[in-house]
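Peer 1: Input structure: my_file37.cif, which contains mmCIF, C-alpha atoms; chains and numbers go by the auth columns.
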```
data_data
loop_
_atom_site.group_PDB
_atom_site.id
_atom_site.type_symbol
_atom_site.label_atom_id
_atom_site.label_comp_id
_atom_site.label_asym_id
_atom_site.label_seq_id
_atom_site.Cartn_x
_atom_site.Cartn_y
_atom_site.Cartn_z
_atom_site.B_iso_or_equiv
_atom_site.auth_seq_id
_atom_site.auth_asym_id
ATOM 1 C CA MET A 1 14.929 -14.960 -14.624 0.00 1 I
ATOM 2 C CA GLU A 2 11.331 -16.129 -14.517 0.00 2 I
ATOM 3 C CA LYS A 3 9.142 -15.000 -11.633 0.00 3 I
ATOM 4 C CA ILE A 4 7.836 -17.645 -9.286 0.00 4 I
ATOM 5 C CA ARG A 5 4.147 -17.004 -8.749 0.00 5 I
ATOM 6 C CA LYS A 6 2.016 -18.568 -6.032 0.00 6 I
ATOM 7 C CA SER A 7 -1.630 -18.487 -5.121 0.00 7 I
ATOM 8 C CA VAL A 8 -2.325 -15.112 -3.580 0.00 8 I
ATOM 9 C CA MET A 9 -3.877 -16.964 -0.625 0.00 9 I
ATOM 10 C CA ALA A 10 -0.477 -18.530 0.171 0.00 10 I
ATOM 11 C CA LEU A 11 1.362 -15.207 0.302 0.00 11 I
ATOM 12 C CA VAL A 12 2.070 -12.914 3.255 0.00 12 I
ATOM 13 C CA ILE A 13 3.871 -9.614 3.158 0.00 13 I
ATOM 14 C CA SER A 14 7.646 -9.967 3.336 0.00 14 I
ATOM 15 C CA VAL A 15 10.070 -8.063 5.548 0.00 15 I
ATOM 16 C CA VAL A 16 11.032 -6.062 2.429 0.00 16 I
ATOM 17 C CA GLY A 17 7.374 -5.251 1.744 0.00 17 I
ATOM 18 C CA LEU A 18 6.780 -4.149 5.315 0.00 18 I
ATOM 19 C CA GLY A 19 9.955 -2.071 5.212 0.00 19 I
ATOM 20 C CA THR A 20 8.770 -0.389 2.029 0.00 20 I
ATOM 21 C CA ILE A 21 5.557 0.698 3.740 0.00 21 I
ATOM 22 C CA THR A 22 7.318 2.039 6.836 0.00 22 I
ATOM 23 C CA ILE A 23 9.893 3.946 4.796 0.00 23 I
ATOM 24 C CA HIS A 24 7.302 5.595 2.568 0.00 24 I
ATOM 25 C CA GLU A 25 4.839 6.338 5.354 0.00 25 I
ATOM 26 C CA GLY A 26 7.423 7.469 7.878 0.00 26 I
ATOM 27 C CA TYR A 27 6.704 7.523 11.602 0.00 27 I
ATOM 28 C CA SER A 28 5.146 10.269 13.669 0.00 28 I
ATOM 29 C CA ASN A 29 4.251 9.967 17.337 0.00 29 I
ATOM 30 C CA LYS A 30 1.917 12.975 17.024 0.00 30 I
ATOM 31 C CA ALA A 31 -1.099 13.342 14.746 0.00 31 I
ATOM 32 C CA TYR A 32 -0.482 15.732 11.863 0.00 32 I
ATOM 33 C CA ILE A 33 -1.955 16.628 8.483 0.00 33 I
ATOM 34 C CA PRO A 34 0.488 15.337 5.841 0.00 34 I
ATOM 35 C CA ILE A 35 -0.940 17.344 2.943 0.00 35 I
ATOM 36 C CA PRO A 36 -3.089 20.474 3.289 0.00 36 I
ATOM 37 C CA GLY A 37 -6.698 19.388 2.911 0.00 37 I
ATOM 38 C CA ASP A 38 -5.991 15.804 3.984 0.00 38 I
ATOM 39 C CA VAL A 39 -7.080 14.109 7.220 0.00 39 I
ATOM 40 C CA PRO A 40 -4.945 13.695 10.359 0.00 40 I
ATOM 41 C CA THR A 41 -2.394 10.884 10.286 0.00 41 I
ATOM 42 C CA ILE A 42 -0.398 9.191 13.051 0.00 42 I
ATOM 43 C CA GLY A 43 2.142 6.402 13.466 0.00 43 I
ATOM 44 C CA TYR A 44 2.924 4.890 10.070 0.00 44 I
ATOM 45 C CA GLY A 45 0.409 6.811 7.976 0.00 45 I
ATOM 46 C CA ASN A 46 -2.722 5.713 9.827 0.00 46 I
ATOM 47 C CA THR A 47 -5.889 7.785 9.697 0.00 47 I
ATOM 48 C CA THR A 48 -7.882 5.412 11.929 0.00 48 I
ATOM 49 C CA TYR A 49 -7.162 3.208 14.912 0.00 49 I
ATOM 50 C CA ALA A 50 -7.779 -0.553 15.199 0.00 50 I
ATOM 51 C CA ASN A 51 -11.170 0.169 16.819 0.00 51 I
ATOM 52 C CA GLY A 52 -12.194 2.270 13.789 0.00 52 I
ATOM 53 C CA SER A 53 -12.067 5.666 15.486 0.00 53 I
ATOM 54 C CA ARG A 54 -10.504 8.455 13.455 0.00 54 I
ATOM 55 C CA VAL A 55 -7.172 10.023 14.316 0.00 55 I
ATOM 56 C CA GLN A 56 -7.557 13.525 15.744 0.00 56 I
ATOM 57 C CA ILE A 57 -5.056 16.392 15.955 0.00 57 I
ATOM 58 C CA GLY A 58 -3.578 16.236 19.463 0.00 58 I
ATOM 59 C CA ASP A 59 -3.438 12.413 19.513 0.00 59 I
ATOM 60 C CA THR A 60 -0.123 10.754 20.348 0.00 60 I
ATOM 61 C CA ILE A 61 1.156 7.207 19.909 0.00 61 I
ATOM 62 C CA THR A 62 4.250 5.303 20.997 0.00 62 I
ATOM 63 C CA ARG A 63 6.432 3.506 18.460 0.00 63 I
ATOM 64 C CA ILE A 64 5.313 0.168 19.948 0.00 64 I
ATOM 65 C CA GLU A 65 1.635 1.105 19.587 0.00 65 I
ATOM 66 C CA ALA A 66 2.274 2.381 16.051 0.00 66 I
ATOM 67 C CA THR A 67 4.032 -0.852 15.087 0.00 67 I
ATOM 68 C CA GLU A 68 1.154 -2.894 16.478 0.00 68 I
ATOM 69 C CA LEU A 69 -1.327 -0.740 14.556 0.00 69 I
ATOM 70 C CA LEU A 70 0.796 -1.120 11.408 0.00 70 I
ATOM 71 C CA GLY A 71 0.612 -4.895 11.750 0.00 71 I
ATOM 72 C CA ASN A 72 -3.177 -4.817 12.192 0.00 72 I
ATOM 73 C CA LYS A 73 -3.654 -2.495 9.228 0.00 73 I
ATOM 74 C CA VAL A 74 -1.306 -4.494 6.970 0.00 74 I
ATOM 75 C CA ASN A 75 -3.300 -7.645 7.800 0.00 75 I
ATOM 76 C CA THR A 76 -6.503 -5.837 6.833 0.00 76 I
ATOM 77 C CA PHE A 77 -5.042 -4.648 3.534 0.00 77 I
ATOM 78 C CA GLU A 78 -3.627 -8.095 2.780 0.00 78 I
ATOM 79 C CA ARG A 79 -7.130 -9.556 3.182 0.00 79 I
ATOM 80 C CA GLN A 80 -8.496 -6.896 0.828 0.00 80 I
ATOM 81 C CA VAL A 81 -5.857 -7.661 -1.826 0.00 81 I
ATOM 82 C CA LYS A 82 -6.623 -11.383 -1.492 0.00 82 I
ATOM 83 C CA SER A 83 -10.358 -10.734 -1.797 0.00 83 I
ATOM 84 C CA CYS A 84 -10.114 -9.239 -5.273 0.00 84 I
ATOM 85 C CA VAL A 85 -6.955 -10.688 -6.861 0.00 85 I
ATOM 86 C CA LYS A 86 -7.763 -14.003 -8.552 0.00 86 I
ATOM 87 C CA VAL A 87 -4.397 -14.813 -10.161 0.00 87 I
ATOM 88 C CA PRO A 88 -1.101 -16.054 -8.726 0.00 88 I
ATOM 89 C CA LEU A 89 1.473 -13.408 -7.785 0.00 89 I
ATOM 90 C CA SER A 90 5.197 -13.241 -7.150 0.00 90 I
ATOM 91 C CA GLN A 91 6.317 -11.996 -3.741 0.00 91 I
ATOM 92 C CA ASN A 92 7.465 -8.687 -5.287 0.00 92 I
ATOM 93 C CA GLU A 93 4.105 -8.154 -6.979 0.00 93 I
ATOM 94 C CA TYR A 94 2.216 -8.994 -3.797 0.00 94 I
ATOM 95 C CA ASP A 95 4.358 -6.692 -1.635 0.00 95 I
ATOM 96 C CA SER A 96 3.921 -3.777 -4.041 0.00 96 I
ATOM 97 C CA PHE A 97 0.141 -4.260 -4.264 0.00 97 I
ATOM 98 C CA VAL A 98 -0.197 -4.423 -0.465 0.00 98 I
ATOM 99 C CA SER A 99 1.897 -1.242 -0.158 0.00 99 I
ATOM 100 C CA LEU A 100 -0.308 0.499 -2.725 0.00 100 I
ATOM 101 C CA THR A 101 -3.468 -0.715 -0.982 0.00 101 I
ATOM 102 C CA TYR A 102 -2.161 0.463 2.398 0.00 102 I
ATOM 103 C CA ASN A 103 -1.903 3.929 0.874 0.00 103 I
ATOM 104 C CA ILE A 104 -5.053 4.145 -1.298 0.00 104 I
ATOM 105 C CA GLY A 105 -7.421 1.783 0.525 0.00 105 I
ATOM 106 C CA GLY A 106 -8.926 -1.577 -0.292 0.00 106 I
ATOM 107 C CA GLN A 107 -12.002 -0.330 -2.106 0.00 107 I
ATOM 108 C CA ALA A 108 -9.973 1.890 -4.449 0.00 108 I
ATOM 109 C CA PHE A 109 -7.556 -0.967 -5.131 0.00 109 I
ATOM 110 C CA CYS A 110 -10.238 -3.604 -5.752 0.00 110 I
ATOM 111 C CA ASN A 111 -12.238 -1.318 -8.071 0.00 111 I
ATOM 112 C CA SER A 112 -9.164 -0.233 -10.047 0.00 112 I
ATOM 113 C CA THR A 113 -8.134 -0.836 -13.639 0.00 113 I
ATOM 114 C CA LEU A 114 -4.982 -2.340 -12.124 0.00 114 I
ATOM 115 C CA VAL A 115 -6.974 -5.245 -10.643 0.00 115 I
ATOM 116 C CA LYS A 116 -8.993 -5.671 -13.834 0.00 116 I
ATOM 117 C CA LYS A 117 -5.750 -6.009 -15.812 0.00 117 I
ATOM 118 C CA LEU A 118 -4.177 -8.228 -13.194 0.00 118 I
ATOM 119 C CA ASN A 119 -7.091 -10.650 -13.162 0.00 119 I
ATOM 120 C CA THR A 120 -6.719 -11.101 -16.940 0.00 120 I
ATOM 121 C CA TYR A 121 -3.048 -12.067 -16.388 0.00 121 I
ATOM 122 C CA ASP A 122 -1.791 -8.705 -17.691 0.00 122 I
ATOM 123 C CA TYR A 123 0.920 -8.512 -15.049 0.00 123 I
ATOM 124 C CA GLU A 124 2.978 -5.893 -16.874 0.00 124 I
ATOM 125 C CA GLY A 125 -0.066 -3.685 -17.451 0.00 125 I
ATOM 126 C CA ALA A 126 -1.114 -4.054 -13.814 0.00 126 I
ATOM 127 C CA CYS A 127 2.326 -3.022 -12.557 0.00 127 I
ATOM 128 C CA LYS A 128 2.296 0.012 -14.864 0.00 128 I
ATOM 129 C CA GLU A 129 -1.072 1.063 -13.412 0.00 129 I
ATOM 130 C CA ILE A 130 0.664 1.694 -10.071 0.00 130 I
ATOM 131 C CA LEU A 131 2.291 4.777 -11.617 0.00 131 I
ATOM 132 C CA LYS A 132 -1.131 6.414 -12.115 0.00 132 I
ATOM 133 C CA TRP A 133 -1.798 6.590 -8.359 0.00 133 I
ATOM 134 C CA ASP A 134 0.464 9.590 -7.662 0.00 134 I
ATOM 135 C CA LYS A 135 -2.201 12.266 -7.268 0.00 135 I
ATOM 136 C CA PHE A 136 -4.018 13.919 -4.397 0.00 136 I
ATOM 137 C CA ARG A 137 -7.149 15.777 -5.477 0.00 137 I
ATOM 138 C CA GLY A 138 -6.028 15.634 -9.105 0.00 138 I
ATOM 139 C CA LYS A 139 -2.503 16.988 -8.577 0.00 139 I
ATOM 140 C CA SER A 140 0.655 14.904 -8.814 0.00 140 I
ATOM 141 C CA LEU A 141 2.729 14.991 -5.653 0.00 141 I
ATOM 142 C CA LYS A 142 6.494 14.480 -5.694 0.00 142 I
ATOM 143 C CA GLY A 143 6.438 12.124 -2.690 0.00 143 I
ATOM 144 C CA LEU A 144 3.652 9.993 -4.138 0.00 144 I
ATOM 145 C CA THR A 145 5.367 9.875 -7.533 0.00 145 I
ATOM 146 C CA LYS A 146 8.582 8.667 -5.863 0.00 146 I
ATOM 147 C CA ARG A 147 6.659 6.005 -3.927 0.00 147 I
ATOM 148 C CA ARG A 148 4.791 4.810 -7.023 0.00 148 I
ATOM 149 C CA VAL A 149 8.002 4.528 -9.055 0.00 149 I
ATOM 150 C CA GLN A 150 9.511 2.406 -6.276 0.00 150 I
ATOM 151 C CA GLU A 151 6.374 0.231 -6.030 0.00 151 I
ATOM 152 C CA TYR A 152 6.340 -0.154 -9.822 0.00 152 I
ATOM 153 C CA LYS A 153 9.994 -1.250 -9.849 0.00 153 I
ATOM 154 C CA GLN A 154 9.307 -3.687 -7.015 0.00 154 I
ATOM 155 C CA CYS A 155 6.258 -5.051 -8.850 0.00 155 I
ATOM 156 C CA SER A 156 8.249 -5.460 -12.067 0.00 156 I
ATOM 157 C CA GLY A 157 11.147 -7.148 -10.272 0.00 157 I
ATOM 158 C CA GLN A 158 13.573 -4.312 -10.999 0.00 158 I
ATOM 159 C CA PRO A 159 16.402 -3.535 -8.562 0.00 159 I
#
```
Turn the structure described in the file into structure tokens.

Peer 2:
Amino acid sequence: MEKIRKSVMALVISVVGLGTITIHEGYSNKAYIPIPGDVPTIGYGNTTYANGSRVQIGDTITRIEATELLGNKVNTFERQVKSCVKVPLSQNEYDSFVSLTYNIGGQAFCNSTLVKKLNTYDYEGACKEILKWDKFRGKSLKGLTKRRVQEYKQCSGQP
């Protein structure tokens, strides 16, 4: 089955894409450090609040506040994906790239080999690049590897 691709400007994250982010990020009502050496995280994997202030150990958040923050952050990352992707995407590709960007940040995504490949219509090569983003400080992490495999499958249209 051929993928239906649309202008990236016409796409918005799907319910499946949003679900993917929430499942991989998990929810915590208290700030914690997810990986030794990392920065504090709260809600659905957020390290900053909507006002730009950084999450601090001791901070708490309700599920409603975390969901609102998730929506704000997803909108920000969608804008970043749209700012650097110049080719049409399928919904699966878009959702996987927004999920990746939510996790690695817009600057890292936009400056990546993935985006360079994508913008030359190398969709397969771009999807495969997702698998390379499974490291923290140079070491592969089981949780990140699992997430990247899922994002890769989503990007490639695999079940």

Peer 1: Once the PyMOL selection byres ((chain I and resi 109) around 12) has been evaluated on this model, what residues remain selected, and can you format them as a count of residues only?

Peer 2: 35

Peer 1: Given the PyMOL selection byres ((chain I and resi 89) around 9) and the file above, list the residues it selects as a PyMOL selection string.

Peer 2: chain I and resi 3-8+11+85+87-88+90-94+123

Peer 1: Can I get the selected residues back with C-alpha atoms, as a CSV table (one decimal), keeping the file's coordinate frame?

Peer 2:
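So out-v1.csv came out as:
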```
chain,number,residue,atom,x,y,z
I,3,LYS,CA,9.1,-15.0,-11.6
I,4,ILE,CA,7.8,-17.6,-9.3
I,5,ARG,CA,4.1,-17.0,-8.7
I,6,LYS,CA,2.0,-18.6,-6.0
I,7,SER,CA,-1.6,-18.5,-5.1
I,8,VAL,CA,-2.3,-15.1,-3.6
I,11,LEU,CA,1.4,-15.2,0.3
I,85,VAL,CA,-7.0,-10.7,-6.9
I,87,VAL,CA,-4.4,-14.8,-10.2
I,88,PRO,CA,-1.1,-16.1,-8.7
I,90,SER,CA,5.2,-13.2,-7.2
I,91,GLN,CA,6.3,-12.0,-3.7
I,92,ASN,CA,7.5,-8.7,-5.3
I,93,GLU,CA,4.1,-8.2,-7.0
I,94,TYR,CA,2.2,-9.0,-3.8
I,123,TYR,CA,0.9,-8.5,-15.0
```

Peer 1: Find the smallest box with edges along x, y and z containing every listed atom of segment 6-12 of chain I, then add 8 Å on each side and report centre and edge lengths in Å to one decimal, as AutoDock Vina command-line options.

Peer 2:
```
--center_x -0.9 --center_y -15.7 --center_z -1.4 --size_x 21.9 --size_y 21.7 --size_z 25.3
```

Peer 1: Would you write out, as a short mmCIF file (atom, residue, chain, number, x, y, z; two decimals) with C-alpha atoms, keeping the file's coordinate frame, every residue that the PyMOL selection byres ((chain I and resi 156) around 8) captures in this file?

Peer 2:
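Written file, selection-v1.cif:
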```cif
data_model
loop_
_atom_site.label_atom_id
_atom_site.label_comp_id
_atom_site.auth_asym_id
_atom_site.auth_seq_id
_atom_site.Cartn_x
_atom_site.Cartn_y
_atom_site.Cartn_z
CA ASN I 92 7.46 -8.69 -5.29
CA GLU I 93 4.11 -8.15 -6.98
CA GLU I 124 2.98 -5.89 -16.87
CA CYS I 127 2.33 -3.02 -12.56
CA TYR I 152 6.34 -0.15 -9.82
CA LYS I 153 9.99 -1.25 -9.85
CA GLN I 154 9.31 -3.69 -7.02
CA CYS I 155 6.26 -5.05 -8.85
CA GLY I 157 11.15 -7.15 -10.27
CA GLN I 158 13.57 -4.31 -11.00
#
```

Peer 1: Find the residue from I:Met9, I:Lys86, I:Asn51, I:Lys73 that sits nearest to Tyr121 of chain I; use only C-alpha atoms when measuring.

Peer 2: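 Closest candidate: I:Lys86.
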